[in-house]
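A.B. asks: One file: target-v2.txt (compact mmCIF, C-alpha atoms and all ligand atoms).
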```
# COMPACT_ATOMS: atom_id res chain seq x y z
CA MET A 158 -7.42 6.97 -11.41
CA PHE A 159 -3.67 6.79 -12.08
CA GLU A 160 -1.79 6.74 -15.33
CA LEU A 161 1.95 6.22 -15.64
CA LYS A 162 3.50 7.27 -18.92
CA ASP A 163 7.05 6.57 -20.13
CA ILE A 164 8.35 6.23 -16.59
CA ARG A 165 11.96 5.68 -15.67
CA TYR A 166 13.24 5.75 -12.11
CA LYS A 167 17.02 5.27 -11.73
CA ASP A 168 17.91 1.83 -13.10
CA ILE A 169 15.11 0.34 -11.01
CA LEU A 170 11.95 0.89 -12.98
CA LYS A 171 10.87 1.41 -16.55
CA ILE A 172 7.17 1.47 -17.42
CA GLY A 173 5.91 2.43 -20.87
CA HIS A 174 2.27 2.79 -19.92
CA LEU A 175 0.20 1.66 -16.96
CA ARG A 176 -3.35 2.65 -16.11
CA ILE A 177 -4.75 1.94 -12.65
CA GLU A 178 -8.50 1.92 -12.55
CA GLU A 179 -10.73 3.65 -10.02
CA ASN A 180 -12.79 1.56 -7.55
CA LYS A 181 -10.88 -1.60 -8.37
CA VAL A 182 -8.47 -3.83 -6.50
CA SER A 183 -5.20 -3.88 -8.44
CA ILE A 184 -2.60 -6.33 -7.21
CA LEU A 185 1.07 -5.78 -7.97
CA THR A 186 3.29 -8.83 -8.15
CA GLY A 187 6.82 -9.44 -9.36
CA GLU A 188 10.02 -10.88 -8.03
CA SER A 189 11.88 -9.25 -5.15
CA GLY A 190 13.57 -6.06 -6.34
CA SER A 191 11.34 -5.65 -9.41
CA GLY A 192 10.23 -2.23 -8.16
CA LYS A 193 6.80 -2.83 -6.62
CA THR A 194 7.43 -0.59 -3.61
CA THR A 195 8.93 1.99 -5.97
CA VAL A 196 5.66 2.08 -7.94
CA LEU A 197 3.67 2.70 -4.74
CA LYS A 198 6.08 5.48 -3.76
CA LEU A 199 5.60 7.13 -7.17
CA LEU A 200 1.80 6.98 -6.76
CA ASN A 201 2.10 8.49 -3.27
CA HIS A 202 4.49 11.19 -4.55
CA LEU A 203 7.15 10.14 -2.04
CA ILE A 204 9.50 10.03 -5.02
CA SER A 205 9.39 11.56 -8.51
CA PRO A 206 10.31 9.76 -11.72
CA ASP A 207 13.54 10.73 -13.54
CA GLU A 208 11.57 10.58 -16.78
CA GLY A 209 7.88 10.44 -17.60
CA THR A 210 4.65 11.48 -15.93
CA VAL A 211 2.38 10.13 -13.21
CA LEU A 212 -1.20 11.35 -13.52
CA TYR A 213 -3.78 11.22 -10.71
CA LYS A 214 -7.34 11.85 -11.89
CA GLY A 215 -5.88 13.33 -15.07
CA LYS A 216 -3.53 15.76 -13.29
CA ASP A 217 0.25 15.53 -13.14
CA ILE A 218 1.10 14.48 -9.58
CA ALA A 219 4.06 16.89 -9.66
CA SER A 220 1.59 19.80 -9.78
CA LEU A 221 -0.44 18.65 -6.74
CA ASP A 222 0.14 19.62 -3.11
CA PRO A 223 1.95 16.53 -1.72
CA VAL A 224 0.38 16.79 1.74
CA GLN A 225 -3.14 16.98 0.34
CA HIS A 226 -2.33 14.23 -2.15
CA ARG A 227 -1.19 11.92 0.66
CA ARG A 228 -4.50 12.47 2.44
CA ASN A 229 -6.35 11.23 -0.63
CA VAL A 230 -3.87 8.47 -1.36
CA ILE A 231 -2.73 6.69 1.81
CA MET A 232 0.27 4.40 1.78
CA LEU A 233 0.78 1.61 4.27
CA GLN A 234 4.50 0.89 4.27
CA GLN A 235 5.96 -2.60 4.34
CA MET A 236 7.17 -2.17 7.94
CA PRO A 237 4.59 0.22 9.38
CA ALA A 238 5.55 2.33 12.37
CA ILE A 239 4.01 1.44 15.71
CA PHE A 240 4.03 4.34 18.16
CA PRO A 241 4.62 4.06 21.90
CA GLY A 242 1.31 3.90 23.78
CA THR A 243 -1.87 1.90 23.52
CA VAL A 244 -3.76 0.38 20.62
CA ARG A 245 -6.13 3.37 20.85
CA ASP A 246 -3.21 5.84 20.61
CA ASN A 247 -2.02 4.04 17.50
CA LEU A 248 -5.44 3.97 15.88
CA ILE A 249 -6.01 7.68 16.33
CA ALA A 250 -2.45 8.77 15.45
CA GLY A 251 -3.16 8.83 11.72
CA LEU A 252 -6.39 10.75 12.21
CA MET A 253 -4.62 13.36 14.31
CA PHE A 254 -1.85 13.79 11.70
CA SER A 255 -4.56 14.21 9.07
CA GLU A 256 -6.43 16.70 11.27
CA LYS A 257 -9.55 14.52 11.13
CA PRO A 258 -11.99 14.15 14.04
CA VAL A 259 -11.35 11.23 16.41
CA PRO A 260 -14.33 8.86 16.44
CA ASP A 261 -15.68 7.19 19.58
CA ASP A 262 -14.40 3.85 20.88
CA ARG A 263 -17.14 1.86 19.14
CA VAL A 264 -15.81 2.93 15.74
CA LEU A 265 -12.22 2.18 16.77
CA GLU A 266 -13.25 -1.28 17.97
CA GLU A 267 -15.08 -1.93 14.73
CA ALA A 268 -11.87 -1.14 12.82
CA LEU A 269 -10.00 -3.68 14.99
CA HIS A 270 -12.69 -6.29 14.28
CA SER A 271 -12.35 -5.61 10.54
CA VAL A 272 -8.74 -6.80 10.69
CA TYR A 273 -9.48 -9.66 13.11
CA LEU A 274 -7.48 -8.05 15.91
CA ARG A 275 -9.19 -9.07 19.12
CA LYS A 276 -7.39 -6.78 21.55
CA SER A 277 -8.63 -4.10 23.90
CA LEU A 278 -8.02 -0.46 23.04
CA GLU A 279 -5.97 -0.23 26.25
CA THR A 280 -3.41 -2.89 25.16
CA VAL A 281 0.18 -1.62 24.95
CA ALA A 282 0.87 -1.65 21.21
CA GLU A 283 4.60 -2.38 21.41
CA GLY A 284 3.78 -5.67 23.19
CA LEU A 285 1.83 -6.96 20.18
CA SER A 286 3.31 -9.59 17.89
CA GLY A 287 4.57 -8.61 14.43
CA GLY A 288 1.39 -9.89 12.78
CA GLU A 289 -0.81 -8.09 15.31
CA GLN A 290 1.11 -4.84 14.78
CA GLN A 291 0.65 -5.25 11.02
CA ARG A 292 -3.13 -5.58 11.50
CA LEU A 293 -3.15 -2.59 13.87
CA ALA A 294 -1.48 -0.49 11.16
CA LEU A 295 -4.03 -1.74 8.63
CA ALA A 296 -6.89 -0.73 10.95
CA ARG A 297 -5.23 2.69 11.33
CA VAL A 298 -5.26 3.32 7.58
CA LEU A 299 -8.81 1.96 7.26
CA LEU A 300 -9.97 4.65 9.70
CA LEU A 301 -8.42 7.35 7.53
CA ASP A 302 -11.11 6.75 4.93
CA SER A 303 -8.97 7.92 2.00
CA ASP A 304 -9.95 7.54 -1.68
CA VAL A 305 -7.01 5.28 -2.47
CA TYR A 306 -5.16 2.72 -0.36
CA LEU A 307 -1.63 1.73 -1.34
CA LEU A 308 -0.79 -1.38 0.66
CA ASP A 309 2.75 -2.77 0.62
CA GLU A 310 2.62 -6.45 1.56
CA PRO A 311 -0.02 -5.90 4.26
CA SER A 312 -0.26 -9.58 5.16
CA SER A 313 3.42 -10.60 5.00
CA ALA A 314 3.60 -11.33 8.75
CA LEU A 315 0.36 -13.36 8.85
CA ASP A 316 -0.26 -17.06 8.39
CA ASP A 317 -2.20 -17.99 5.24
CA GLU A 318 -5.56 -18.39 6.96
CA THR A 319 -5.36 -15.12 8.91
CA ALA A 320 -4.02 -13.30 5.84
CA ASP A 321 -7.01 -14.47 3.85
CA GLU A 322 -9.53 -13.38 6.53
CA VAL A 323 -7.89 -10.00 7.03
CA ILE A 324 -7.45 -9.13 3.35
CA SER A 325 -10.94 -10.35 2.49
CA SER A 326 -12.46 -8.24 5.27
CA PHE A 327 -10.38 -5.13 4.42
CA LEU A 328 -11.27 -5.35 0.73
CA LYS A 329 -14.96 -5.87 1.51
CA LYS A 330 -14.97 -2.64 3.53
CA ALA A 331 -13.04 -0.85 0.79
CA LYS A 332 -15.45 -2.06 -1.91
CA GLN A 333 -18.49 -0.98 0.12
CA LYS A 334 -17.12 2.55 0.09
CA ASN A 335 -15.98 2.50 -3.57
CA LYS A 336 -12.31 2.82 -2.70
CA THR A 337 -9.41 2.14 -5.01
CA VAL A 338 -6.88 -0.36 -3.66
CA ILE A 339 -3.41 -1.07 -5.01
CA MET A 340 -1.76 -3.86 -3.10
CA VAL A 341 1.65 -5.47 -3.35
CA THR A 342 1.84 -9.11 -2.38
CA HIS A 343 4.15 -12.10 -2.67
CA SER A 344 1.23 -14.42 -1.95
CA LYS A 345 -0.02 -16.19 -5.05
CA GLN A 346 -3.13 -17.19 -3.13
CA ILE A 347 -4.01 -13.57 -2.28
CA ALA A 348 -3.21 -12.39 -5.81
CA ASP A 349 -5.28 -15.13 -7.46
CA ARG A 350 -8.22 -14.65 -5.14
CA TYR A 351 -8.49 -10.88 -4.88
CA ALA A 352 -6.94 -9.23 -7.93
CA GLU A 353 -9.59 -7.56 -10.06
CA VAL A 354 -6.69 -6.18 -12.05
CA PRO A 355 -3.41 -8.13 -11.83
CA VAL A 356 -0.26 -6.13 -12.58
CA HIS A 357 3.01 -8.01 -12.95
CA LEU A 358 6.33 -6.16 -12.89
CA GLU A 359 9.37 -7.51 -14.69
CA LYS A 360 12.75 -6.83 -13.18
CA TYR A 361 14.34 -3.94 -15.09
CA ASN A 362 17.93 -4.75 -14.05
CA GLN A 363 17.45 -8.34 -15.07
CA LYS A 364 16.45 -7.24 -18.56
CA ILE A 365 19.51 -5.00 -18.85
CA LYS A 366 21.79 -7.80 -17.65
CA GLU A 367 20.21 -10.29 -20.04
CA ALA A 368 20.55 -7.85 -22.95
CA ALA A 369 24.23 -7.23 -22.11
CA HIS A 370 24.81 -10.96 -21.94
CA GLU A 371 23.15 -11.57 -25.29
CA GLY A 372 24.90 -8.60 -26.90
N1 LIG B 401 16.23 5.13 -3.45
C1 LIG B 401 16.84 4.06 -3.96
N2 LIG B 401 18.10 4.16 -4.44
C2 LIG B 401 18.74 3.11 -4.98
N3 LIG B 401 18.19 1.88 -5.07
C3 LIG B 401 16.96 1.72 -4.60
C4 LIG B 401 16.21 2.78 -4.03
N4 LIG B 401 14.99 2.31 -3.67
C5 LIG B 401 14.99 1.01 -4.00
N5 LIG B 401 16.15 0.65 -4.57
C6 LIG B 401 16.47 -0.66 -5.14
O1 LIG B 401 15.58 -0.84 -6.22
C7 LIG B 401 15.14 -2.16 -6.34
C8 LIG B 401 13.62 -2.24 -6.29
O2 LIG B 401 13.19 -1.94 -4.98
P1 LIG B 401 11.67 -2.10 -4.52
O3 LIG B 401 11.66 -1.98 -3.02
O4 LIG B 401 10.80 -1.17 -5.28
O5 LIG B 401 11.37 -3.60 -4.98
P2 LIG B 401 10.20 -4.58 -4.59
O6 LIG B 401 9.73 -5.21 -5.86
O7 LIG B 401 9.18 -3.88 -3.77
O8 LIG B 401 10.99 -5.65 -3.71
P3 LIG B 401 10.51 -6.61 -2.51
O9 LIG B 401 9.51 -7.56 -3.10
O10 LIG B 401 11.80 -7.30 -2.10
O11 LIG B 401 9.94 -5.73 -1.42
C9 LIG B 401 15.86 -2.91 -5.23
O12 LIG B 401 16.96 -3.54 -5.80
C10 LIG B 401 16.23 -1.83 -4.23
O13 LIG B 401 17.37 -2.19 -3.50
```
As structure tokens, how would this structure be written, given the file I've shared?
C.D. replies:
Amino acid sequence: MFELKDIRYKDILKIGHLRIEENKVSILTGESGSGKTTVLKLLNHLISPDEGTVLYKGKDIASLDPVQHRRNVIMLQQMPAIFPGTVRDNLIAGLMFSEKPVPDDRVLEEALHSVYLRKSLETVAEGLSGGEQQRLALARVLLLDSDVYLLDEPSSALDDETADEVISSFLKKAKQKNKTVIMVTHSKQIADRYAEVPVHLEKYNQKIKEAAHEG
């Protein structure tokens, strides 16, 4: 689905070759600052590499329309935006940006159930806890029904048990629809349990520093 070749991005990231398979759950791990978010941004075409090529379905991402690309490849940021208004407003915001039809309330409620968020559609979203807002944002991307989901630490604000329920349920839905998921996590438990393809990033700066030290 994606192929990264001879990538360099500033002094943050250097990847010789990385293939990300279609219809699989790939989980990106690595210490803080190793460039996990940067990889997701490259795949979403939010940034471009200084050197090398990122291919999506065999085509250079640089040649694709970024707006269309981001409809196929949705990224859930580490601190997702919550808009003023209700839970319903937040659920449909993404669909409206994507010019997709707004489904009826039953479908919206089903998305909330999928992320174990037991709140009414009328609840004021800004009053939700951090963990509840994180699940609301996850439900919002689930509704977008894209081909690829890039999830940046989607369970960081959840306790272990809730994180496990939510991620398990999200991935089950994604698998049913043959989606490709690339998820960043710091949770060893989540990585061990759900990674079909584990991807571990080494810190680029660290390597440079170590080399300088040795030299
Ligand atoms: N646009 C940028 N310009 C300069 N430095 C940046 C830029 N974006 C990120 N960085 C730096 O690059 C490094 C990697 O950042 P990135 O967010 O990709 O790491 P990460 O592995 O996702 O970290 P974390 O686990 O803490 O979220 C960090 O040291 C960060 O401060």
A.B. asks: Quick one: of A:Arg228, A:His174, A:His202, A:Arg263, who's nearest to A:Lys162, counting only C-alpha atoms?
C.D. replies: A:His174
A.B. asks: Kindly indicate which residue among A:Ile204, A:Ile184, A:Leu248, A:Ala348 lies nearest to ligand LIG 401 (chain B), using all atoms listed in the file for the distances.
C.D. replies: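 The closest residue to ligand LIG 401 (chain B) is A:Ile204.
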A.B. asks: For stretch 249-257 of chain A, find every residue with an atom within 12 Å (counting only C-alpha atoms), except residues of its own chain fewer than 3 positions away, and show them as a PyMOL selection string.
C.D. replies: chain A and resi 224-233+237-246+260-262+264-266+268+278+293-303
A.B. asks: Could you please extract the residues within 9 Å of ligand LIG 401 (chain B), counting only C-alpha atoms and all ligand atoms, and hand them back as a list in words?
C.D. replies: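 Listing the residues within 9 Å of ligand LIG 401 (chain B) gives Lys167, Asp168, Ile169, Leu170, Leu185, Thr186, Gly187, Glu188, Ser189, Gly190, Ser191, Gly192, Lys193, Thr194, Thr195, Val196, Leu197, Lys198, Ile204, Gln235, Asp309, Glu310, Val341, Thr342, His343, Leu358, Lys360, Tyr361 and Asn362 of chain A.
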A.B. asks: Would you mind reading off the distance between atom CA of A:Ser183 and atom CA of A:Val323, one decimal, in Å?
C.D. replies: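 Interatomic distance here is 16.9 Å.
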A.B. asks: Do you have the atom CA of A:Ile164-atom CA of A:Leu200 distance handy?
C.D. replies: 11.8 Å
